[in-house]
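Content type mmCIF, C-alpha atoms, from the file query_0.cif:
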data_work
loop_
_atom_site.group_PDB
_atom_site.id
_atom_site.type_symbol
_atom_site.label_atom_id
_atom_site.label_comp_id
_atom_site.auth_asym_id
_atom_site.auth_seq_id
_atom_site.Cartn_x
_atom_site.Cartn_y
_atom_site.Cartn_z
ATOM 1 C CA PHE A 87 25.752 -5.093 -23.027
ATOM 2 C CA GLN A 88 25.740 -1.744 -24.790
ATOM 3 C CA LYS A 89 25.883 -3.487 -28.178
ATOM 4 C CA ALA A 90 23.080 -5.887 -27.295
ATOM 5 C CA ALA A 91 21.004 -3.025 -25.918
ATOM 6 C CA ASP A 92 21.625 -0.941 -29.034
ATOM 7 C CA GLN A 93 20.299 -3.863 -31.071
ATOM 8 C CA GLY A 94 17.087 -3.685 -29.077
ATOM 9 C CA TYR A 95 17.096 -6.496 -26.529
ATOM 10 C CA ALA A 96 14.809 -5.516 -23.648
ATOM 11 C CA ASP A 97 16.739 -7.466 -20.996
ATOM 12 C CA ALA A 98 19.995 -5.820 -22.042
ATOM 13 C CA CYS A 99 18.285 -2.429 -21.932
ATOM 14 C CA CYS A 100 17.133 -3.114 -18.373
ATOM 15 C CA LEU A 101 20.682 -4.079 -17.443
ATOM 16 C CA MET A 102 21.928 -0.782 -18.880
ATOM 17 C CA VAL A 103 19.347 0.959 -16.704
ATOM 18 C CA ARG A 104 20.725 -0.674 -13.566
ATOM 19 C CA MET A 105 24.278 0.227 -14.573
ATOM 20 C CA TYR A 106 23.428 3.896 -15.071
ATOM 21 C CA ARG A 107 21.258 4.135 -11.958
ATOM 22 C CA LEU A 108 23.871 2.538 -9.721
ATOM 23 C CA GLY A 109 26.943 3.887 -11.541
ATOM 24 C CA LYS A 110 28.332 0.393 -12.178
ATOM 25 C CA GLY A 111 30.837 0.398 -15.053
ATOM 26 C CA VAL A 112 29.512 3.766 -16.227
ATOM 27 C CA PRO A 113 29.116 7.169 -14.527
ATOM 28 C CA GLN A 114 25.881 7.324 -12.505
ATOM 29 C CA ASN A 115 23.288 9.082 -14.668
ATOM 30 C CA ASP A 116 19.524 9.041 -13.991
ATOM 31 C CA THR A 117 18.749 10.684 -17.334
ATOM 32 C CA LYS A 118 20.562 7.938 -19.234
ATOM 33 C CA ALA A 119 18.800 5.315 -17.107
ATOM 34 C CA VAL A 120 15.445 6.772 -18.121
ATOM 35 C CA GLU A 121 16.474 6.644 -21.790
ATOM 36 C CA TRP A 122 17.263 2.931 -21.506
ATOM 37 C CA TYR A 123 14.035 2.243 -19.607
ATOM 38 C CA GLN A 124 12.233 3.970 -22.465
ATOM 39 C CA LYS A 125 13.922 1.653 -25.002
ATOM 40 C CA ALA A 126 13.003 -1.459 -23.017
ATOM 41 C CA ALA A 127 9.463 -0.211 -22.454
ATOM 42 C CA ASP A 128 9.014 0.567 -26.142
ATOM 43 C CA GLN A 129 9.997 -3.047 -26.879
ATOM 44 C CA GLY A 130 7.198 -4.257 -24.627
ATOM 45 C CA SER A 131 8.984 -5.064 -21.360
ATOM 46 C CA SER A 132 6.227 -4.854 -18.749
ATOM 47 C CA VAL A 133 8.820 -4.431 -15.979
ATOM 48 C CA ALA A 134 10.330 -1.463 -17.809
ATOM 49 C CA GLN A 135 6.863 -0.051 -18.472
ATOM 50 C CA TYR A 136 6.037 -0.239 -14.771
ATOM 51 C CA ASN A 137 9.377 1.293 -13.779
ATOM 52 C CA LEU A 138 9.011 4.067 -16.319
ATOM 53 C CA GLY A 139 5.571 4.803 -14.898
ATOM 54 C CA ARG A 140 7.084 4.933 -11.414
ATOM 55 C CA ILE A 141 9.807 7.307 -12.621
ATOM 56 C CA TYR A 142 7.239 9.690 -14.115
ATOM 57 C CA GLU A 143 5.033 9.457 -11.005
ATOM 58 C CA THR A 144 7.872 10.289 -8.613
ATOM 59 C CA GLY A 145 9.861 12.613 -10.875
ATOM 60 C CA SER A 146 13.068 10.585 -10.617
ATOM 61 C CA GLY A 147 15.385 11.644 -13.441
ATOM 62 C CA VAL A 148 12.515 13.338 -15.300
ATOM 63 C CA PRO A 149 9.950 16.008 -14.395
ATOM 64 C CA ALA A 150 7.006 14.381 -12.578
ATOM 65 C CA ASN A 151 4.151 13.744 -14.996
ATOM 66 C CA TYR A 152 1.090 11.842 -13.766
ATOM 67 C CA THR A 153 -0.389 11.557 -17.254
ATOM 68 C CA LYS A 154 2.706 9.795 -18.601
ATOM 69 C CA ALA A 155 2.925 7.702 -15.434
ATOM 70 C CA PHE A 156 -0.646 6.541 -15.982
ATOM 71 C CA GLU A 157 0.042 5.728 -19.639
ATOM 72 C CA TRP A 158 3.041 3.528 -18.802
ATOM 73 C CA TYR A 159 1.330 1.838 -15.870
ATOM 74 C CA LEU A 160 -1.565 1.013 -18.203
ATOM 75 C CA LYS A 161 0.768 -0.573 -20.759
ATOM 76 C CA GLY A 162 2.402 -2.701 -18.065
ATOM 77 C CA ALA A 163 -0.907 -3.580 -16.413
ATOM 78 C CA ASN A 164 -2.407 -4.672 -19.727
ATOM 79 C CA GLN A 165 0.407 -7.237 -19.897
ATOM 80 C CA GLY A 166 -0.455 -8.511 -16.422
ATOM 81 C CA ASN A 167 2.376 -6.860 -14.488
ATOM 82 C CA ILE A 168 1.246 -7.029 -10.858
ATOM 83 C CA ASP A 169 3.061 -3.858 -9.759
ATOM 84 C CA ALA A 170 1.599 -1.918 -12.676
ATOM 85 C CA GLU A 171 -1.882 -3.244 -11.892
ATOM 86 C CA TYR A 172 -1.659 -2.049 -8.298
ATOM 87 C CA SER A 173 -0.178 1.307 -9.322
ATOM 88 C CA LEU A 174 -2.894 1.818 -11.927
ATOM 89 C CA GLY A 175 -5.486 1.162 -9.228
ATOM 90 C CA ALA A 176 -3.845 3.794 -7.052
ATOM 91 C CA MET A 177 -3.813 6.326 -9.919
ATOM 92 C CA TYR A 178 -7.572 5.839 -10.358
ATOM 93 C CA ASP A 179 -8.039 5.927 -6.572
ATOM 94 C CA TYR A 180 -6.367 9.331 -6.187
ATOM 95 C CA GLY A 181 -7.245 10.785 -9.596
ATOM 96 C CA ARG A 182 -3.636 11.098 -10.725
ATOM 97 C CA GLY A 183 -3.212 11.372 -14.488
ATOM 98 C CA VAL A 184 -6.803 10.189 -14.955
ATOM 99 C CA ALA A 185 -10.265 11.068 -13.635
ATOM 100 C CA GLN A 186 -10.820 9.663 -10.139
ATOM 101 C CA SER A 187 -12.827 6.441 -10.226
ATOM 102 C CA ASP A 188 -13.445 4.138 -7.285
ATOM 103 C CA THR A 189 -14.877 1.534 -9.653
ATOM 104 C CA SER A 190 -11.787 1.431 -11.866
ATOM 105 C CA ALA A 191 -9.525 1.538 -8.810
ATOM 106 C CA ALA A 192 -11.298 -1.491 -7.351
ATOM 107 C CA GLU A 193 -11.072 -3.362 -10.666
ATOM 108 C CA TRP A 194 -7.303 -2.948 -10.898
ATOM 109 C CA TYR A 195 -6.760 -3.592 -7.190
ATOM 110 C CA GLN A 196 -8.712 -6.818 -7.679
ATOM 111 C CA LYS A 197 -6.365 -7.961 -10.446
ATOM 112 C CA ALA A 198 -3.253 -7.335 -8.331
ATOM 113 C CA ALA A 199 -4.924 -8.679 -5.179
ATOM 114 C CA ASP A 200 -5.804 -11.950 -6.912
ATOM 115 C CA LYS A 201 -2.087 -12.371 -7.654
ATOM 116 C CA GLY A 202 -1.139 -11.854 -4.017
ATOM 117 C CA ASP A 203 -0.179 -8.164 -3.766
ATOM 118 C CA ALA A 204 -0.709 -7.322 -0.074
ATOM 119 C CA GLU A 205 -1.217 -3.592 -0.551
ATOM 120 C CA ALA A 206 -3.779 -4.233 -3.288
ATOM 121 C CA GLN A 207 -5.544 -6.723 -1.012
ATOM 122 C CA TYR A 208 -5.672 -4.111 1.742
ATOM 123 C CA ARG A 209 -6.927 -1.373 -0.611
ATOM 124 C CA LEU A 210 -9.573 -3.721 -2.027
ATOM 125 C CA GLY A 211 -10.633 -4.496 1.528
ATOM 126 C CA THR A 212 -11.200 -0.787 2.188
ATOM 127 C CA LYS A 213 -13.313 -0.540 -0.964
ATOM 128 C CA TYR A 214 -15.615 -3.282 0.303
ATOM 129 C CA PHE A 215 -15.541 -1.881 3.845
ATOM 130 C CA TYR A 216 -16.744 1.560 2.762
ATOM 131 C CA GLY A 217 -18.681 0.481 -0.330
ATOM 132 C CA LYS A 218 -16.641 2.596 -2.731
ATOM 133 C CA GLY A 219 -16.586 1.326 -6.314
ATOM 134 C CA VAL A 220 -18.084 -1.989 -5.156
ATOM 135 C CA PRO A 221 -21.182 -2.869 -3.133
ATOM 136 C CA GLN A 222 -20.501 -2.530 0.617
ATOM 137 C CA ASN A 223 -19.735 -5.980 2.005
ATOM 138 C CA ASP A 224 -18.231 -6.549 5.458
ATOM 139 C CA SER A 225 -17.558 -10.233 4.802
ATOM 140 C CA LEU A 226 -15.522 -9.523 1.672
ATOM 141 C CA ALA A 227 -13.763 -6.636 3.406
ATOM 142 C CA PHE A 228 -12.768 -8.997 6.211
ATOM 143 C CA GLU A 229 -11.633 -11.646 3.713
ATOM 144 C CA TRP A 230 -9.323 -9.244 1.867
ATOM 145 C CA PHE A 231 -8.003 -7.641 5.050
ATOM 146 C CA GLN A 232 -7.180 -11.122 6.324
ATOM 147 C CA LYS A 233 -5.270 -11.999 3.153
ATOM 148 C CA ALA A 234 -3.272 -8.762 3.395
ATOM 149 C CA ALA A 235 -2.742 -9.220 7.142
ATOM 150 C CA GLU A 236 -1.287 -12.679 6.550
ATOM 151 C CA ARG A 237 1.293 -10.915 4.378
ATOM 152 C CA ALA A 238 2.120 -8.573 7.277
ATOM 153 C CA ASN A 239 0.266 -5.504 6.008
ATOM 154 C CA ALA A 240 -0.003 -3.326 9.119
ATOM 155 C CA ALA A 241 -3.030 -1.275 8.031
ATOM 156 C CA ALA A 242 -4.978 -4.453 7.175
ATOM 157 C CA ARG A 243 -4.113 -5.881 10.596
ATOM 158 C CA ALA A 244 -5.473 -2.728 12.226
ATOM 159 C CA TYR A 245 -8.723 -3.050 10.260
ATOM 160 C CA LEU A 246 -9.062 -6.702 11.314
ATOM 161 C CA GLY A 247 -8.718 -5.551 14.905
ATOM 162 C CA PHE A 248 -11.455 -3.004 14.381
ATOM 163 C CA MET A 249 -13.763 -5.533 12.722
ATOM 164 C CA TYR A 250 -13.399 -7.932 15.647
ATOM 165 C CA ASP A 251 -13.757 -4.976 18.028
ATOM 166 C CA ALA A 252 -17.004 -3.792 16.434
ATOM 167 C CA GLY A 253 -18.350 -7.167 15.301
ATOM 168 C CA LYS A 254 -18.379 -6.162 11.634
ATOM 169 C CA GLY A 255 -18.239 -9.103 9.225
ATOM 170 C CA VAL A 256 -17.368 -11.432 12.132
ATOM 171 C CA PRO A 257 -18.746 -12.040 15.644
ATOM 172 C CA ARG A 258 -17.390 -9.496 18.119
ATOM 173 C CA ASN A 259 -14.296 -10.820 19.888
ATOM 174 C CA ASP A 260 -12.233 -8.550 22.145
ATOM 175 C CA ILE A 261 -9.371 -11.034 22.479
ATOM 176 C CA LYS A 262 -8.942 -11.346 18.705
ATOM 177 C CA ALA A 263 -9.311 -7.586 18.341
ATOM 178 C CA VAL A 264 -6.415 -7.107 20.765
ATOM 179 C CA GLU A 265 -4.310 -9.702 18.939
ATOM 180 C CA TRP A 266 -4.613 -7.859 15.630
ATOM 181 C CA TYR A 267 -4.249 -4.423 17.198
ATOM 182 C CA GLN A 268 -1.046 -5.622 18.863
ATOM 183 C CA LYS A 269 0.399 -6.902 15.595
ATOM 184 C CA ALA A 270 -0.371 -3.669 13.777
ATOM 185 C CA ALA A 271 0.740 -1.501 16.701
ATOM 186 C CA ALA A 272 4.076 -3.331 16.883
ATOM 187 C CA GLN A 273 4.578 -2.379 13.220
ATOM 188 C CA GLY A 274 4.005 1.266 14.088
ATOM 189 C CA ASP A 275 0.396 1.744 12.953
ATOM 190 C CA ASP A 276 -0.787 4.794 14.936
ATOM 191 C CA LYS A 277 -4.492 3.922 14.676
ATOM 192 C CA ALA A 278 -3.850 0.432 16.056
ATOM 193 C CA GLN A 279 -1.746 1.934 18.849
ATOM 194 C CA VAL A 280 -4.534 4.241 20.013
ATOM 195 C CA ALA A 281 -7.084 1.414 19.676
ATOM 196 C CA LEU A 282 -4.867 -0.852 21.780
ATOM 197 C CA GLY A 283 -4.619 1.914 24.354
ATOM 198 C CA ILE A 284 -8.402 2.014 24.529
ATOM 199 C CA MET A 285 -8.568 -1.748 25.055
ATOM 200 C CA TYR A 286 -6.130 -1.460 27.974
ATOM 201 C CA GLU A 287 -7.966 1.527 29.410
ATOM 202 C CA GLN A 288 -11.310 -0.280 29.293
ATOM 203 C CA GLY A 289 -9.943 -3.727 30.164
ATOM 204 C CA ARG A 290 -11.377 -5.371 27.070
ATOM 205 C CA GLY A 291 -9.485 -8.428 25.815
ATOM 206 C CA VAL A 292 -6.631 -7.609 28.214
ATOM 207 C CA PRO A 293 -6.366 -6.858 31.938
ATOM 208 C CA GLN A 294 -7.231 -3.193 32.568
ATOM 209 C CA SER A 295 -4.100 -1.054 32.847
ATOM 210 C CA ARG A 296 -3.969 2.728 32.890
ATOM 211 C CA ALA A 297 -0.177 2.613 32.526
ATOM 212 C CA LYS A 298 -0.327 0.396 29.441
ATOM 213 C CA ALA A 299 -3.082 2.559 27.965
ATOM 214 C CA ILE A 300 -0.960 5.701 28.372
ATOM 215 C CA GLU A 301 2.086 3.887 26.970
ATOM 216 C CA TRP A 302 0.260 3.063 23.721
ATOM 217 C CA TYR A 303 -1.422 6.468 23.550
ATOM 218 C CA ARG A 304 2.028 8.080 23.774
ATOM 219 C CA LYS A 305 3.385 5.904 20.956
ATOM 220 C CA SER A 306 0.439 6.880 18.795
ATOM 221 C CA ALA A 307 0.631 10.546 19.789
ATOM 222 C CA SER A 308 4.317 10.644 18.847
ATOM 223 C CA GLN A 309 3.126 10.063 15.282
ATOM 224 C CA GLY A 310 0.677 12.950 15.508
ATOM 225 C CA ASN A 311 -2.507 10.999 16.248
ATOM 226 C CA ALA A 312 -4.986 13.583 17.596
ATOM 227 C CA ALA A 313 -7.223 11.026 19.367
ATOM 228 C CA ALA A 314 -4.220 9.677 21.265
ATOM 229 C CA LEU A 315 -3.238 13.205 22.387
ATOM 230 C CA THR A 316 -6.784 13.806 23.638
ATOM 231 C CA ASN A 317 -6.788 10.521 25.558
ATOM 232 C CA ILE A 318 -3.429 11.294 27.206
ATOM 233 C CA LYS A 319 -4.673 14.692 28.387
ATOM 234 C CA ARG A 320 -7.836 13.092 29.758
ATOM 235 C CA LEU A 321 -5.945 10.405 31.704
ATOM 236 C CA GLU A 322 -3.137 12.618 32.992
ATOM 237 C CA HIS A 323 -5.287 15.469 34.241
#

Could you spell out this file's structure in structure tokens?
Amino acid sequence: FQKAADQGYADACCLMVRMYRLGKGVPQNDTKAVEWYQKAADQGSSVAQYNLGRIYETGSGVPANYTKAFEWYLKGANQGNIDAEYSLGAMYDYGRGVAQSDTSAAEWYQKAADKGDAEAQYRLGTKYFYGKGVPQNDSLAFEWFQKAAERANAAARAYLGFMYDAGKGVPRNDIKAVEWYQKAAAQGDDKAQVALGIMYEQGRGVPQSRAKAIEWYRKSASQGNAAALTNIKRLEH
């Protein structure tokens, strides 16, 4: 593999990366792994370009460098790598290595979302929900949240619950709101947990139950949710 990699084959380079990162057949060495990722990325491997971007973003084996992370994500994204497309959207979203731009974030999220990336679908849904980088559109927000929710994205499931709860983008439906809150809450989403507590406290979509409300408030509060803490104090005093 070393010989093939030295001759410049991207797949062999990626294999060398795995060997150095995991210490298989060679001593574990993150710095060497980065060197081989660099070789594969320079040869145009979009997977290596994405992974090199991730390494620079997280500072794994190299000093963290958002500018270099952005550059490598862009190379991978321009070749249609779905992970690079999502990551590039996130870099624009948070202004890491590039000027913050909701419009550019939405554009790259859209590319990854169209290919089925659940996190990109969720993030695109939030853009439409709040009208950031795209015109505000509850129907499109609901559509993208639903796609992400079908792929088990907890945050998207929580938003679907809220949209049914508030009647945004869909007719108000307490039973469906509870269904989505329950799915997200079971995955540990603290906002869904406090929302589910409210549904139990008010008896909307479920039989009213103070005990169940407190149970979900406590689960949410254990994650530091301030609203849940306030609701517990109100019910227990």

Please evaluate the PyMOL selection byres ((chain A and resi 167-180) around 9) against the structure above and give the resulting residues as an MDAnalysis selection string.
chainID A and resid 132:133 135:137 139:140 152 155:156 158:166 181:199 201:203 205:206 209

By how many Å are CA of Ala263 in chain A and CA of Met249 in chain A apart?
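Answer for the CA of Ala263 in chain A to CA of Met249 in chain A separation: 7.5 Å.
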
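Distance check against Ala314 in chain A using all atoms listed in the file: of A:Ser295, A:Gly289, A:Leu282, A:Lys213, the minimum falls on A:Leu282.
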
May I ask for the distance between CA of Ser131 in chain A and CA of Glu157 in chain A, given in Å to one decimal place?
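Interatomic distance here is 14.1 Å.
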
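Straight-line separation from CA of Asn317 in chain A to CA of Tyr245 in chain A: 20.5 Å.
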
For the PyMOL selection byres ((chain A and resi 225-237) around 6), applied here, can you spell out every residue it catches as a PyMOL selection string?
chain A and resi 204+207-208+211+214-215+223-224+238-239+242-243+255

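Among the candidates A:Ala299, A:Thr117, A:Ile141, A:Leu246, the residue lying nearest to Thr153 in chain A is A:Ile141 (atoms considered: all atoms listed in the file).
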
Report the residues retrieved by the PyMOL selection byres ((chain A and resi 271-277) around 7) from the displayed file, expressed as a PDB file with C-alpha atoms, keeping the file's coordinate frame.
ATOM      1  CA  ALA A 240      -0.003  -3.326   9.119  1.00  0.00           C
ATOM      2  CA  ALA A 241      -3.030  -1.275   8.031  1.00  0.00           C
ATOM      3  CA  TYR A 267      -4.249  -4.423  17.198  1.00  0.00           C
ATOM      4  CA  GLN A 268      -1.046  -5.622  18.863  1.00  0.00           C
ATOM      5  CA  LYS A 269       0.399  -6.902  15.595  1.00  0.00           C
ATOM      6  CA  ALA A 270      -0.371  -3.669  13.777  1.00  0.00           C
ATOM      7  CA  ALA A 278      -3.850   0.432  16.056  1.00  0.00           C
ATOM      8  CA  GLN A 279      -1.746   1.934  18.849  1.00  0.00           C
ATOM      9  CA  VAL A 280      -4.534   4.241  20.013  1.00  0.00           C
ATOM     10  CA  ALA A 281      -7.084   1.414  19.676  1.00  0.00           C
ATOM     11  CA  SER A 306       0.439   6.880  18.795  1.00  0.00           C
ATOM     12  CA  GLN A 309       3.126  10.063  15.282  1.00  0.00           C
ATOM     13  CA  ASN A 311      -2.507  10.999  16.248  1.00  0.00           C
TER      14      ASN A 311
END

Write out as JSON an axis-aligned box for range 280-297 of chain A: all of its atoms listed in the file, 6 Å added on each side, centre and edge lengths in Å with one decimal.
{"center_x": -5.8, "center_y": -2.1, "center_z": 26.3, "size_x": 23.2, "size_y": 24.7, "size_z": 25.2}

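Using only C-alpha atoms, the shortest contact distance between Leu138 in chain A and any of A:Glu121, A:Asp260, A:Asp251, A:Glu322 is found at A:Glu121.
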
Export range 242-262 of chain A of the preceding structure, keeping N, CA, C and O atoms, as a PDB file, in the first residue's frame.
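Below is the file that was written, selection_11.pdb:
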ATOM      1  N   ALA A 242     -35.580  18.186  14.339  1.00  0.00           N
ATOM      2  CA  ALA A 242     -36.631  18.367  13.332  1.00  0.00           C
ATOM      3  C   ALA A 242     -37.957  17.830  13.854  1.00  0.00           C
ATOM      4  O   ALA A 242     -39.019  18.426  13.621  1.00  0.00           O
ATOM      5  N   ARG A 243     -37.909  16.719  14.573  1.00  0.00           N
ATOM      6  CA  ARG A 243     -39.139  16.164  15.162  1.00  0.00           C
ATOM      7  C   ARG A 243     -39.737  17.128  16.175  1.00  0.00           C
ATOM      8  O   ARG A 243     -40.964  17.288  16.253  1.00  0.00           O
ATOM      9  N   ALA A 244     -38.887  17.788  16.949  1.00  0.00           N
ATOM     10  CA  ALA A 244     -39.370  18.768  17.922  1.00  0.00           C
ATOM     11  C   ALA A 244     -40.042  19.941  17.212  1.00  0.00           C
ATOM     12  O   ALA A 244     -41.097  20.422  17.637  1.00  0.00           O
ATOM     13  N   TYR A 245     -39.439  20.396  16.113  1.00  0.00           N
ATOM     14  CA  TYR A 245     -40.030  21.507  15.356  1.00  0.00           C
ATOM     15  C   TYR A 245     -41.368  21.098  14.748  1.00  0.00           C
ATOM     16  O   TYR A 245     -42.307  21.909  14.706  1.00  0.00           O
ATOM     17  N   LEU A 246     -41.481  19.867  14.271  1.00  0.00           N
ATOM     18  CA  LEU A 246     -42.766  19.401  13.732  1.00  0.00           C
ATOM     19  C   LEU A 246     -43.825  19.448  14.824  1.00  0.00           C
ATOM     20  O   LEU A 246     -44.968  19.856  14.581  1.00  0.00           O
ATOM     21  N   GLY A 247     -43.436  19.027  16.026  1.00  0.00           N
ATOM     22  CA  GLY A 247     -44.366  19.099  17.150  1.00  0.00           C
ATOM     23  C   GLY A 247     -44.833  20.518  17.381  1.00  0.00           C
ATOM     24  O   GLY A 247     -46.031  20.778  17.554  1.00  0.00           O
ATOM     25  N   PHE A 248     -43.891  21.444  17.354  1.00  0.00           N
ATOM     26  CA  PHE A 248     -44.241  22.848  17.573  1.00  0.00           C
ATOM     27  C   PHE A 248     -45.159  23.371  16.469  1.00  0.00           C
ATOM     28  O   PHE A 248     -46.112  24.113  16.735  1.00  0.00           O
ATOM     29  N   MET A 249     -44.884  22.978  15.218  1.00  0.00           N
ATOM     30  CA  MET A 249     -45.703  23.485  14.118  1.00  0.00           C
ATOM     31  C   MET A 249     -47.133  22.974  14.204  1.00  0.00           C
ATOM     32  O   MET A 249     -48.077  23.719  13.935  1.00  0.00           O
ATOM     33  N   TYR A 250     -47.294  21.711  14.606  1.00  0.00           N
ATOM     34  CA  TYR A 250     -48.653  21.198  14.837  1.00  0.00           C
ATOM     35  C   TYR A 250     -49.271  21.867  16.068  1.00  0.00           C
ATOM     36  O   TYR A 250     -50.473  22.137  16.104  1.00  0.00           O
ATOM     37  N   ASP A 251     -48.472  22.122  17.063  1.00  0.00           N
ATOM     38  CA  ASP A 251     -48.925  22.752  18.307  1.00  0.00           C
ATOM     39  C   ASP A 251     -49.458  24.162  18.041  1.00  0.00           C
ATOM     40  O   ASP A 251     -50.509  24.570  18.556  1.00  0.00           O
ATOM     41  N   ALA A 252     -48.721  24.903  17.210  1.00  0.00           N
ATOM     42  CA  ALA A 252     -49.066  26.307  16.954  1.00  0.00           C
ATOM     43  C   ALA A 252     -49.889  26.508  15.684  1.00  0.00           C
ATOM     44  O   ALA A 252     -50.371  27.614  15.429  1.00  0.00           O
ATOM     45  N   GLY A 253     -50.047  25.451  14.889  1.00  0.00           N
ATOM     46  CA  GLY A 253     -50.773  25.587  13.629  1.00  0.00           C
ATOM     47  C   GLY A 253     -50.015  26.403  12.608  1.00  0.00           C
ATOM     48  O   GLY A 253     -50.590  27.198  11.875  1.00  0.00           O
ATOM     49  N   LYS A 254     -48.692  26.216  12.563  1.00  0.00           N
ATOM     50  CA  LYS A 254     -47.855  26.936  11.598  1.00  0.00           C
ATOM     51  C   LYS A 254     -47.517  26.008  10.434  1.00  0.00           C
ATOM     52  O   LYS A 254     -46.897  24.974  10.621  1.00  0.00           O
ATOM     53  N   GLY A 255     -47.956  26.378   9.240  1.00  0.00           N
ATOM     54  CA  GLY A 255     -47.676  25.565   8.053  1.00  0.00           C
ATOM     55  C   GLY A 255     -48.605  24.384   7.885  1.00  0.00           C
ATOM     56  O   GLY A 255     -48.661  23.779   6.813  1.00  0.00           O
ATOM     57  N   VAL A 256     -49.326  24.028   8.956  1.00  0.00           N
ATOM     58  CA  VAL A 256     -50.298  22.928   8.949  1.00  0.00           C
ATOM     59  C   VAL A 256     -51.432  23.307   9.897  1.00  0.00           C
ATOM     60  O   VAL A 256     -51.251  24.154  10.779  1.00  0.00           O
ATOM     61  N   PRO A 257     -52.617  22.686   9.739  1.00  0.00           N
ATOM     62  CA  PRO A 257     -53.690  22.945  10.709  1.00  0.00           C
ATOM     63  C   PRO A 257     -53.255  22.503  12.111  1.00  0.00           C
ATOM     64  O   PRO A 257     -52.553  21.495  12.263  1.00  0.00           O
ATOM     65  N   ARG A 258     -53.645  23.242  13.112  1.00  0.00           N
ATOM     66  CA  ARG A 258     -53.287  22.898  14.487  1.00  0.00           C
ATOM     67  C   ARG A 258     -53.852  21.519  14.842  1.00  0.00           C
ATOM     68  O   ARG A 258     -55.008  21.209  14.543  1.00  0.00           O
ATOM     69  N   ASN A 259     -53.009  20.698  15.487  1.00  0.00           N
ATOM     70  CA  ASN A 259     -53.417  19.345  15.834  1.00  0.00           C
ATOM     71  C   ASN A 259     -52.637  18.905  17.071  1.00  0.00           C
ATOM     72  O   ASN A 259     -51.464  18.557  16.980  1.00  0.00           O
ATOM     73  N   ASP A 260     -53.297  18.952  18.227  1.00  0.00           N
ATOM     74  CA  ASP A 260     -52.617  18.627  19.487  1.00  0.00           C
ATOM     75  C   ASP A 260     -52.126  17.185  19.530  1.00  0.00           C
ATOM     76  O   ASP A 260     -51.047  16.899  20.082  1.00  0.00           O
ATOM     77  N   ILE A 261     -52.901  16.271  18.963  1.00  0.00           N
ATOM     78  CA  ILE A 261     -52.516  14.855  19.003  1.00  0.00           C
ATOM     79  C   ILE A 261     -51.230  14.629  18.205  1.00  0.00           C
ATOM     80  O   ILE A 261     -50.305  13.945  18.669  1.00  0.00           O
ATOM     81  N   LYS A 262     -51.152  15.222  17.009  1.00  0.00           N
ATOM     82  CA  LYS A 262     -49.941  15.087  16.202  1.00  0.00           C
ATOM     83  C   LYS A 262     -48.765  15.819  16.849  1.00  0.00           C
ATOM     84  O   LYS A 262     -47.614  15.372  16.767  1.00  0.00           O
TER      85      LYS A 262
END
